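Asks: Dropping in work.cif, with mmCIF, C-alpha atoms.
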data_input
#
loop_
_atom_site.label_atom_id
_atom_site.label_comp_id
_atom_site.auth_asym_id
_atom_site.auth_seq_id
_atom_site.Cartn_x
_atom_site.Cartn_y
_atom_site.Cartn_z
CA MET A 1 98.84 83.28 88.47
CA GLU A 2 99.35 79.52 88.18
CA LYS A 3 103.10 80.04 87.92
CA GLU A 4 103.14 82.04 91.16
CA PHE A 5 101.14 79.31 92.91
CA GLU A 6 103.62 76.67 91.71
CA LYS A 7 106.54 78.71 93.10
CA ARG A 8 104.81 79.09 96.45
CA LYS A 9 103.97 75.38 96.54
CA GLU A 10 107.63 74.51 96.02
CA LEU A 11 108.65 76.96 98.75
CA LEU A 12 106.11 75.45 101.12
CA LYS A 13 107.36 71.94 100.37
CA LYS A 14 110.93 73.06 101.06
CA ILE A 15 109.92 74.57 104.41
CA ILE A 16 107.98 71.46 105.46
CA ARG A 17 110.98 69.30 104.52
CA GLU A 18 113.19 71.57 106.69
CA LEU A 19 110.84 71.04 109.62
CA HIS A 20 110.85 67.31 108.99
CA ALA A 21 114.65 67.36 108.97
CA GLY A 22 114.62 68.91 112.45
CA ALA A 23 114.88 72.66 111.88
CA PRO A 24 113.53 74.53 114.92
CA ALA A 25 109.91 75.55 114.37
CA GLU A 26 110.50 79.11 115.55
CA GLU A 27 113.31 79.49 113.05
CA VAL A 28 111.15 78.37 110.14
CA LYS A 29 107.94 80.03 111.29
CA ILE A 30 108.52 83.37 109.55
CA LYS A 31 109.27 81.71 106.22
CA PHE A 32 106.29 79.47 106.72
CA ALA A 33 103.92 82.37 107.43
CA SER A 34 105.14 84.14 104.31
CA ALA A 35 104.67 81.04 102.16
CA LEU A 36 101.16 80.43 103.52
CA GLU A 37 99.96 83.99 103.06
CA GLY A 38 97.14 84.04 100.56
CA LEU A 39 97.02 80.26 100.13
CA LYS A 40 93.70 78.52 100.59
CA PRO A 41 93.51 75.52 102.93
CA GLU A 42 92.83 73.21 99.97
CA GLU A 43 96.05 74.44 98.32
CA VAL A 44 98.01 73.61 101.48
CA ALA A 45 96.35 70.16 101.45
CA GLU A 46 97.48 69.74 97.84
CA VAL A 47 101.06 70.47 98.87
CA GLU A 48 100.80 67.96 101.71
CA GLU A 49 99.47 65.28 99.36
CA GLU A 50 102.36 65.88 96.98
CA LEU A 51 104.81 65.49 99.87
CA VAL A 52 103.19 62.17 100.83
CA LYS A 53 103.54 61.03 97.21
CA ASP A 54 107.21 62.08 97.41
CA GLY A 55 107.69 59.77 100.40
CA LEU A 56 107.10 61.94 103.49
CA PRO A 57 105.11 59.84 105.97
CA ARG A 58 101.50 60.94 106.45
CA GLU A 59 102.03 60.82 110.24
CA GLU A 60 104.79 63.39 109.89
CA ILE A 61 102.49 65.66 107.91
CA ARG A 62 99.93 65.41 110.72
CA ARG A 63 102.59 66.27 113.29
CA LEU A 64 103.61 69.32 111.28
CA CYS A 65 99.97 70.42 110.95
CA ASP A 66 100.16 71.90 114.44
CA ILE A 67 102.68 74.40 113.10
CA HIS A 68 100.46 75.16 110.06
CA LEU A 69 97.50 75.83 112.35
CA GLN A 70 99.54 78.06 114.64
CA VAL A 71 100.73 80.17 111.70
CA PHE A 72 97.21 80.41 110.22
CA LYS A 73 95.81 81.39 113.61
CA GLU A 74 98.38 84.14 114.10
CA GLY A 75 97.71 85.47 110.61
CA LEU A 76 93.98 85.59 111.19
CA GLU A 77 94.31 87.19 114.61
CA ARG A 78 96.40 90.10 113.36
CA ARG A 79 94.36 90.65 110.19
CA GLU A 80 92.09 93.68 110.29
CA TYR A 81 88.86 93.87 108.38
CA ASP A 82 87.17 97.03 107.13
CA LEU A 83 83.58 96.16 107.98
CA SER A 84 80.74 98.43 109.00
CA GLU A 85 79.58 98.30 112.63
CA ASP A 86 76.39 96.44 111.65
CA HIS A 87 78.04 93.93 109.28
CA PRO A 88 77.14 90.34 110.35
CA ILE A 89 80.75 89.15 110.19
CA ARG A 90 81.95 92.05 112.35
CA ILE A 91 79.20 91.29 114.89
CA LEU A 92 80.18 87.61 114.89
CA MET A 93 83.87 88.49 115.39
CA GLU A 94 83.04 90.83 118.27
CA GLU A 95 80.85 88.17 119.89
CA HIS A 96 83.67 85.66 119.47
CA LYS A 97 86.08 87.99 121.30
CA ILE A 98 83.62 88.28 124.19
CA MET A 99 83.26 84.50 124.48
#
Would you encode the structure as structure tokens?

Replies:
Amino acid sequence: MEKEFEKRKELLKKIIRELHAGAPAEEVKIKFASALEGLKPEEVAEVEEELVKDGLPREEIRRLCDIHLQVFKEGLERREYDLSEDHPIRILMEEHKIM
């Protein structure tokens, strides 16, 4: 499991470096979504910290965070959950849609 995480971290770093180098966000978005799938936010933060240690300016990481958030948001919006009608999370999600 750790080996798989390390591979995905390296892929994520590569994608962020491509964005930093000027690759169009839409072009990289699919690869980015794939690399982020299943990663926890703290794991993404770990990757970002490693990039800062490697010399990528922290301001650039913040700028690229907008793309991270967009990809996370899209992933969450299209995810379906198998929850009973009376499950508290399902109720909360339905209320959120209404708001």

Asks: Mind pulling up the distance from CA of Glu37 (chain A) to CA of Lys7 (chain A)?

Replies: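 Here the two named atoms are 13.1 Å from each other.
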
Asks: Would you mind telling me which residue in A:Lys29, A:His87, A:Lys97, A:Lys13 lies nearest to Asp54 (chain A) when using all atoms listed in the file?

Replies: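 When distances to Asp54 (chain A) are compared using all atoms listed in the file, the smallest one comes from A:Lys13.
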
Asks: Using all atoms listed in the file, can you tell me which of A:Gly38, A:Leu64, A:Arg58, A:Val52 comes closest to Pro24 (chain A)?

Replies: A:Leu64

Asks: Can I get the residues of region 29-50 of chain A within 12 Å of region 17-23 of chain A, each with the closest pair of atoms and their distance in Å to one decimal, using all atoms listed in the file, sorted chain first then ascending number, as JSON lines?

Replies:
{"residue": "A:Lys29", "atom": "CA", "partner": "A:Leu19", "partner_atom": "CA", "distance": 9.6}
{"residue": "A:Lys31", "atom": "CA", "partner": "A:Glu18", "partner_atom": "CA", "distance": 10.9}
{"residue": "A:Phe32", "atom": "CA", "partner": "A:Leu19", "partner_atom": "CA", "distance": 10.0}
{"residue": "A:Val47", "atom": "CA", "partner": "A:Arg17", "partner_atom": "CA", "distance": 11.5}
{"residue": "A:Glu48", "atom": "CA", "partner": "A:Arg17", "partner_atom": "CA", "distance": 10.6}
{"residue": "A:Glu50", "atom": "CA", "partner": "A:Arg17", "partner_atom": "CA", "distance": 12.0}

Asks: Here's the selection I'm unsure about, the PyMOL selection byres ((chain A and resi 44) around 12); applied to the file above, which residues does it give, as a ChimeraX atom specification?

Replies: /A:5-6,8-13,16,32,35-43,45-51,61,65,68-69,72

Asks: In Å, with one decimal, what is the gap from CA of Ile98 (chain A) to CA of Asp82 (chain A)?

Replies: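 Value for the CA of Ile98 (chain A)-CA of Asp82 (chain A) distance: 19.5 Å.
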
Asks: So that all listed atoms of region 48-66 of chain A fit with 4 Å spare on each side, what axis-aligned box centre and edge lengths in Å, to one decimal, would you give as AutoDock Vina command-line options?

Replies:
--center_x 103.6 --center_y 65.8 --center_z 105.7 --size_x 16.2 --size_y 20.1 --size_z 25.5

Asks: Quick one: pull the distance between CA of Glu4 (chain A) and CA of Lys53 (chain A), Å, one decimal.

Replies: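 Interatomic distance, CA of Glu4 (chain A) to CA of Lys53 (chain A): 21.9 Å.
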